[in-house]
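K.L.:
Structure supplied as protein_10.tsv; contents: TSV, C-alpha atoms.
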```tsv
chain	number	residue	atom	x	y	z
W	18	MET	CA	-1.48	-42.06	3.28
W	19	GLN	CA	-2.76	-44.24	0.42
W	20	ILE	CA	-5.91	-43.17	-1.51
W	21	SER	CA	-6.74	-45.67	-4.23
W	22	PHE	CA	-3.73	-45.59	-6.57
W	23	LEU	CA	-2.43	-42.29	-5.16
W	24	GLU	CA	0.18	-42.05	-2.43
W	25	ILE	CA	-0.07	-38.77	-0.54
W	26	LYS	CA	2.76	-37.75	1.76
W	27	TRP	CA	2.58	-35.09	4.48
W	28	THR	CA	4.91	-32.93	2.36
W	29	ASP	CA	2.33	-32.99	-0.46
W	30	VAL	CA	-0.37	-31.75	1.93
W	31	LEU	CA	1.95	-29.02	3.22
W	32	ASP	CA	2.80	-28.05	-0.37
W	33	ILE	CA	-0.89	-27.70	-1.29
W	34	ILE	CA	-1.64	-25.63	1.83
W	35	LEU	CA	1.28	-23.25	1.19
W	36	VAL	CA	0.35	-22.79	-2.49
W	37	ALA	CA	-3.29	-22.12	-1.55
W	38	PHE	CA	-2.14	-19.63	1.11
W	39	LEU	CA	0.12	-17.86	-1.41
W	40	LEU	CA	-2.62	-17.68	-4.07
W	41	TYR	CA	-5.06	-16.31	-1.50
W	42	TYR	CA	-2.74	-13.49	-0.50
W	43	ILE	CA	-1.89	-12.69	-4.12
W	44	TYR	CA	-5.61	-12.43	-4.87
W	45	LYS	CA	-6.12	-10.32	-1.74
W	46	LEU	CA	-3.45	-7.87	-2.93
W	47	VAL	CA	-4.83	-7.48	-6.46
W	48	ARG	CA	-8.55	-7.78	-5.60
W	49	GLY	CA	-10.70	-4.96	-6.94
W	50	SER	CA	-8.07	-3.68	-9.38
W	51	VAL	CA	-7.39	-4.18	-13.07
W	52	ALA	CA	-4.52	-6.45	-12.03
W	53	SER	CA	-7.01	-8.92	-10.52
W	54	ARG	CA	-8.59	-9.50	-13.93
W	55	VAL	CA	-5.18	-10.01	-15.51
W	56	PHE	CA	-4.25	-12.44	-12.74
W	57	MET	CA	-7.44	-14.47	-13.19
W	58	GLY	CA	-6.96	-14.52	-16.98
W	59	TYR	CA	-3.38	-15.75	-16.63
W	60	LEU	CA	-4.50	-18.39	-14.12
W	61	LEU	CA	-7.19	-19.69	-16.49
W	62	ILE	CA	-4.70	-19.90	-19.34
W	63	TYR	CA	-2.32	-21.83	-17.08
W	64	LEU	CA	-5.08	-24.31	-16.15
W	65	PHE	CA	-5.89	-24.70	-19.86
W	66	TYR	CA	-2.18	-25.35	-20.49
W	67	LEU	CA	-2.15	-28.14	-17.86
W	68	ILE	CA	-5.22	-29.77	-19.44
W	69	VAL	CA	-3.74	-29.58	-22.95
W	70	LYS	CA	-0.45	-31.02	-21.70
W	71	ALA	CA	-2.25	-33.88	-19.91
W	72	ILE	CA	-4.24	-34.73	-23.06
W	73	GLY	CA	-1.05	-34.79	-25.13
W	74	LEU	CA	-1.65	-32.04	-27.70
W	75	GLU	CA	2.03	-31.37	-28.34
W	76	LEU	CA	1.78	-28.44	-30.79
W	77	LEU	CA	-0.66	-26.46	-28.65
W	78	THR	CA	1.38	-27.33	-25.56
W	79	LYS	CA	4.54	-25.86	-27.13
W	80	ILE	CA	2.69	-22.69	-28.13
W	81	LEU	CA	1.30	-22.24	-24.63
W	82	GLU	CA	4.71	-22.93	-23.09
W	83	TYR	CA	6.23	-20.06	-25.08
W	84	PHE	CA	3.28	-17.87	-24.13
W	85	MET	CA	3.65	-18.75	-20.43
W	86	GLY	CA	7.36	-17.93	-20.57
W	87	VAL	CA	6.77	-14.48	-22.09
W	88	GLY	CA	3.72	-14.04	-19.87
W	89	ALA	CA	5.81	-14.49	-16.72
W	90	ILE	CA	7.94	-11.49	-17.69
W	91	ALA	CA	4.83	-9.50	-18.62
W	92	LEU	CA	3.31	-10.31	-15.22
W	93	ILE	CA	6.35	-8.91	-13.42
W	94	VAL	CA	5.93	-5.65	-15.34
W	95	LEU	CA	2.16	-5.50	-14.86
W	96	PHE	CA	2.26	-6.49	-11.20
W	97	GLN	CA	5.31	-4.50	-10.11
W	98	GLN	CA	3.23	-2.35	-7.78
W	99	GLU	CA	1.47	-5.37	-6.24
W	100	ILE	CA	4.78	-7.28	-5.91
W	101	ARG	CA	6.29	-4.29	-4.16
W	102	ARG	CA	3.34	-4.07	-1.78
W	103	PHE	CA	3.60	-7.81	-1.05
W	104	LEU	CA	7.32	-7.61	-0.25
W	105	LEU	CA	6.73	-4.50	1.83
W	106	LEU	CA	4.04	-6.26	3.88
W	107	VAL	CA	6.28	-9.31	4.36
W	108	GLY	CA	9.15	-7.10	5.48
W	109	LYS	CA	7.00	-5.25	7.96
W	110	SER	CA	5.43	-8.36	9.41
W	111	THR	CA	8.68	-10.18	10.16
W	112	SER	CA	10.10	-10.01	13.67
W	113	LEU	CA	13.55	-9.52	12.11
W	114	ALA	CA	12.53	-6.18	10.61
W	115	ASN	CA	10.92	-5.07	13.88
W	116	ASN	CA	13.84	-6.14	16.07
W	117	LYS	CA	15.58	-3.12	17.58
W	118	PHE	CA	19.09	-4.50	17.01
W	119	PHE	CA	18.48	-5.24	13.34
W	120	SER	CA	16.59	-1.97	12.92
W	121	LYS	CA	19.72	-0.12	14.02
W	122	LEU	CA	21.88	-2.34	11.80
W	123	LEU	CA	19.64	-1.77	8.76
W	124	GLY	CA	19.18	1.90	9.51
W	125	THR	CA	15.39	1.62	9.94
W	126	GLN	CA	15.25	2.61	13.60
W	127	PRO	CA	12.35	5.06	14.05
W	128	GLU	CA	13.46	8.54	14.94
W	129	GLN	CA	12.11	9.98	18.17
W	130	ASP	CA	12.06	13.35	16.42
W	131	ASN	CA	8.86	12.15	14.74
W	132	GLN	CA	6.95	12.76	17.96
W	133	GLY	CA	6.83	16.52	17.29
W	134	PRO	CA	5.66	16.30	13.65
W	135	ILE	CA	3.05	13.68	14.55
W	136	LYS	CA	1.57	15.99	17.18
W	137	ILE	CA	1.60	19.00	14.84
W	138	VAL	CA	0.00	17.10	11.96
W	139	SER	CA	-2.65	15.59	14.24
W	140	GLU	CA	-3.55	19.00	15.65
W	141	ALA	CA	-3.67	20.53	12.17
W	142	ALA	CA	-5.93	17.73	10.92
W	143	LYS	CA	-8.20	18.22	13.92
W	144	THR	CA	-8.53	21.96	13.22
W	145	MET	CA	-9.09	21.43	9.51
W	146	SER	CA	-11.74	18.84	10.32
W	147	SER	CA	-13.62	21.21	12.60
W	148	GLU	CA	-13.48	23.97	9.96
W	149	PHE	CA	-14.43	21.63	7.08
W	150	THR	CA	-11.17	22.42	5.28
W	151	GLY	CA	-10.28	19.72	2.76
W	152	GLY	CA	-6.75	18.51	2.17
W	153	ILE	CA	-4.26	15.65	1.94
W	154	ILE	CA	-1.19	15.43	4.17
W	155	VAL	CA	1.40	12.78	3.27
W	156	LEU	CA	3.95	11.71	5.89
W	157	GLN	CA	7.06	10.16	4.39
W	158	LYS	CA	8.55	7.10	6.04
W	159	ASP	CA	11.38	5.20	4.30
W	160	ASP	CA	10.45	5.37	0.63
W	161	ASP	CA	11.68	8.31	-1.44
W	162	LEU	CA	8.84	10.64	-2.45
W	163	SER	CA	10.97	13.02	-4.53
W	164	LYS	CA	9.13	12.35	-7.79
W	165	PHE	CA	5.81	13.21	-6.12
W	166	ALA	CA	7.28	16.30	-4.46
W	167	GLU	CA	8.63	17.49	-7.81
W	168	SER	CA	5.13	17.30	-9.29
W	169	GLY	CA	4.11	20.18	-7.00
W	170	ASP	CA	5.74	23.31	-5.58
W	171	ILE	CA	8.81	22.91	-3.38
W	172	VAL	CA	8.30	24.58	0.00
W	173	ASP	CA	11.04	23.15	2.24
W	174	ALA	CA	9.82	24.94	5.35
W	175	ILE	CA	9.76	24.01	9.03
W	176	LEU	CA	6.54	22.16	9.82
W	177	SER	CA	3.97	24.08	11.83
W	178	LYS	CA	0.25	23.83	12.43
W	179	LYS	CA	-0.43	27.35	11.17
W	180	LEU	CA	1.50	26.79	7.96
W	181	LEU	CA	-0.36	23.56	7.20
W	182	ILE	CA	-3.74	25.19	7.78
W	183	SER	CA	-2.81	28.23	5.68
W	184	ILE	CA	-1.68	26.03	2.77
W	185	PHE	CA	-5.10	24.35	2.63
W	186	SER	CA	-7.02	27.59	3.09
W	187	GLN	CA	-9.57	28.29	0.36
W	188	TYR	CA	-7.66	31.48	-0.47
W	189	SER	CA	-4.34	29.68	-0.92
W	190	LEU	CA	-3.00	28.91	-4.40
W	191	LEU	CA	-1.51	25.66	-3.02
W	192	ASN	CA	-4.66	24.17	-1.49
W	193	ASP	CA	-5.31	21.86	-4.45
W	194	GLY	CA	-3.18	18.72	-4.19
W	195	ALA	CA	-1.21	17.11	-1.39
W	196	VAL	CA	1.38	18.35	1.09
W	197	ILE	CA	4.41	16.10	1.65
W	198	VAL	CA	6.00	16.16	5.11
W	199	ASN	CA	9.37	14.61	5.97
W	200	LYS	CA	11.59	14.89	9.06
W	201	GLY	CA	9.77	17.85	10.53
W	202	ARG	CA	9.69	19.86	7.30
W	203	ILE	CA	7.07	20.54	4.67
W	204	LYS	CA	8.92	19.45	1.55
W	205	ALA	CA	6.33	20.39	-1.08
W	206	ALA	CA	2.71	21.38	-1.61
W	207	HIS	CA	0.22	21.19	-4.49
W	208	CYS	CA	1.60	17.69	-5.26
W	209	ILE	CA	-0.01	15.16	-7.60
W	210	LEU	CA	-0.46	11.66	-6.16
W	211	PRO	CA	-1.19	8.33	-7.90
W	212	ILE	CA	-4.88	7.44	-7.91
W	213	ALA	CA	-6.04	4.09	-6.52
W	214	SER	CA	-7.42	1.92	-9.30
W	215	GLY	CA	-9.61	-0.31	-7.10
W	216	ASP	CA	-13.39	-0.10	-7.29
W	217	GLU	CA	-14.05	-1.15	-3.68
W	218	LEU	CA	-14.09	2.34	-2.22
W	219	PRO	CA	-17.48	3.54	-0.94
W	220	SER	CA	-19.32	6.01	-3.16
W	221	ASN	CA	-18.92	8.78	-0.58
W	222	TYR	CA	-15.12	8.64	-1.03
W	223	GLY	CA	-13.98	11.17	-3.61
W	224	PHE	CA	-10.85	12.08	-5.53
W	225	ARG	CA	-8.86	13.02	-2.42
W	226	HIS	CA	-9.53	9.65	-0.81
W	227	ARG	CA	-8.46	7.79	-3.95
W	228	ALA	CA	-5.26	9.83	-4.09
W	229	ALA	CA	-4.55	9.15	-0.40
W	230	LEU	CA	-5.13	5.44	-0.94
W	231	GLY	CA	-3.02	5.49	-4.11
W	232	ILE	CA	0.11	6.87	-2.42
W	233	SER	CA	-0.27	4.36	0.43
W	234	GLU	CA	-0.42	1.54	-2.13
W	235	ALA	CA	2.60	2.75	-4.09
W	236	THR	CA	4.83	3.60	-1.09
W	237	ASP	CA	5.12	3.08	2.66
W	238	ALA	CA	4.04	6.68	3.28
W	239	VAL	CA	0.95	7.56	5.30
W	240	ALA	CA	-1.74	9.81	3.84
W	241	ILE	CA	-4.23	11.81	5.92
W	242	CYS	CA	-7.30	12.99	4.05
W	243	ILE	CA	-9.70	15.59	5.45
W	244	SER	CA	-13.07	15.87	3.73
W	245	GLU	CA	-14.41	19.35	3.06
W	246	GLU	CA	-17.97	17.99	2.78
W	247	ASN	CA	-18.31	16.39	6.22
W	248	GLY	CA	-15.02	17.20	7.95
W	249	LYS	CA	-14.19	13.54	8.53
W	250	ILE	CA	-10.55	12.45	8.79
W	251	SER	CA	-9.45	9.38	6.81
W	252	LEU	CA	-6.13	7.61	7.30
W	253	ALA	CA	-4.51	5.55	4.50
W	254	ILE	CA	-1.79	3.06	5.43
W	255	ASP	CA	-0.48	0.08	3.45
W	256	GLY	CA	-3.22	0.29	0.82
W	257	ASN	CA	-6.05	0.47	3.39
W	258	ILE	CA	-8.10	3.53	4.29
W	259	LYS	CA	-10.41	4.14	7.23
W	260	ILE	CA	-12.16	7.00	8.99
W	261	VAL	CA	-10.56	7.96	12.33
W	262	SER	CA	-11.02	10.56	15.03
W	263	ALA	CA	-8.29	13.07	15.87
W	264	VAL	CA	-7.27	10.99	18.92
W	265	GLU	CA	-7.17	7.77	16.89
W	266	LEU	CA	-5.17	9.53	14.18
W	267	GLU	CA	-2.35	10.47	16.56
W	268	ARG	CA	-2.38	7.00	18.12
W	269	GLU	CA	-2.18	5.26	14.71
W	270	LEU	CA	0.65	7.54	13.56
W	271	ARG	CA	2.62	6.84	16.74
W	272	ARG	CA	2.11	3.12	16.26
W	273	TYR	CA	3.23	3.23	12.63
W	274	PHE	CA	6.22	5.58	12.93
W	275	LEU	CA	7.36	5.01	16.53
W	276	ASN	CA	6.23	1.39	17.04
W	277	GLU	CA	4.23	2.44	20.09
W	278	ALA	CA	1.62	-0.05	21.29
W	279	VAL	CA	-1.95	0.92	20.41
```
For this file, write the structure as structure tokens.

P.N.:
Amino acid sequence: MQISFLEIKWTDVLDIILVAFLLYYIYKLVRGSVASRVFMGYLLIYLFYLIVKAIGLELLTKILEYFMGVGAIALIVLFQQEIRRFLLLVGKSTSLANNKFFSKLLGTQPEQDNQGPIKIVSEAAKTMSSEFTGGIIVLQKDDDLSKFAESGDIVDAILSKKLLISIFSQYSLLNDGAVIVNKGRIKAAHCILPIASGDELPSNYGFRHRAALGISEATDAVAICISEENGKISLAIDGNIKIVSAVELERELRRYFLNEAV
């Protein structure tokens, strides 16, 4: 296609569409966080660099080229959490990762033993919700949560509904912080979680919700948050948090851990 003195090929159009798609998803990942401001600042500097280069200001162009080179390394450091989330989302969305044969080959086949823990956690969350008992329950998937478990008190006990409820009781010394569950065992309690830095959360979401969202952003774990003010259950997965009922909670956990259709 010829437009005035420009010759545009179909590959150029495809290139523009793919770059726009990539920039959109990068912005979507960093939106509402401090990283979004850094990203926009870097993008503006890059546009300024292109203008300076087009004008022919050689000295300023060289300075900006060195800055862009160092800035690329700085961006990797600053955006390591967002890059990890992006790669995690890409890996989860591909049919290759969800294929049963390759899941067995890669060792990511979901364990059917998760059915028991999912039921126990769902029932515990339902009881805590009805009693207005606040708490955060983190279910480990593939990512290692050892550093978060070590921030609390190691329990390493068989998972049970009564034990979960007793941990979050107002008379318990372990009720402040999160409980980490893995492979049918309560690994640790009173754990400190990373706090979400985004400012898009509703005002009625408190510290527990930000901690639940933070761990879901940093890892592939699932966080269940029960509010002590209104008893509502919130589920955080892949950097997103929403209010769910007890029935929806169990269904979402089965979908995420067992690949069951919702």

K.L.:
Just how far from atom CA of Lys204 of chain W is atom CA of Asp170 of chain W, in Å to one decimal?

P.N.:
8.7 Å

K.L.:
W:Ile209, W:Val196, W:Ile153, W:Ile25: which is nearest Ser251 of chain W, counting only C-alpha atoms?

P.N.:
W:Ile153

K.L.:
Could you jot down the atom CA of Asn247 of chain W to atom CA of Ile135 of chain W separation for me, Å, one decimal place?

P.N.:
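Atom CA of Ile135 of chain W lies at a distance of 23.1 Å from atom CA of Asn247 of chain W.
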
K.L.:
Which residues, written as a ChimeraX atom specification, have at least one atom at most 9 Å from Leu210 of chain W, with all atoms listed in the file counted and residues fewer than 5 positions away on the same chain left out?

P.N.:
/W:165,168,194-195,228-229,231-232

K.L.:
If I take atom CA of Glu246 of chain W and atom CA of Arg268 of chain W, how far is one from the other in Å, to one decimal?

P.N.:
24.5 Å

K.L.:
Which of these, W:Asn276, W:Gln187, W:Val155, W:Gly201, has the shortest distance to Lys136 of chain W once you count only C-alpha atoms?

P.N.:
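So, comparing all the options, the nearest one is W:Gly201.
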
K.L.:
Just checking: using only C-alpha atoms, which residue out of W:Glu140, W:Glu245, W:Glu82, W:Asp237 ends up closest to Asp161 of chain W?

P.N.:
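Of W:Glu140, W:Glu245, W:Glu82, W:Asp237, the one nearest Asp161 of chain W is W:Asp237, counting only C-alpha atoms.
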
K.L.:
Nearest to Gly133 of chain W among W:Leu266, W:Ser177, W:Leu60, W:Ile260, with distances taken over all atoms listed in the file: which residue is it?

P.N.:
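So, comparing all the options, the nearest one is W:Ser177.
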
K.L.:
At a cut-off of 9 Å, using all atoms listed in the file, what residues contact Ser139 of chain W? Leave out same-chain residues fewer than 5 positions from it and give the result as a ChimeraX atom specification.

P.N.:
/W:134,144,178,263-264,266-267,270

K.L.:
Which neighbours of Gln157 of chain W fall inside 8 Å, counting all atoms listed in the file, when residues of the same chain fewer than 6 positions from it are skipped, and could you give them as a ChimeraX atom specification?

P.N.:
/W:197-199,237-239

K.L.:
Please give the centre and size of the box around segment 248-254 of chain W (axis-aligned, containing every atom listed in the file, 4 Å added per side), with values in Å to one decimal and written as JSON.

P.N.:
```
{"center_x": -8.4, "center_y": 10.1, "center_z": 6.6, "size_x": 21.2, "size_y": 22.1, "size_z": 12.3}
```

K.L.:
At a cut-off of 8 Å, using only C-alpha atoms, what residues contact Tyr66 of chain W? Leave out same-chain residues fewer than 2 positions from it and give the result as a count of residues only.

P.N.:
9

K.L.:
With 12 Å as the threshold, what does the neighbourhood of (2.8, 26.7, 2.7) contain in terms of residues, counting only C-alpha atoms? Coordinates are those of the file; answer as a PyMOL selection string.

P.N.:
chain W and resi 169-186+188-193+195-198+202-207
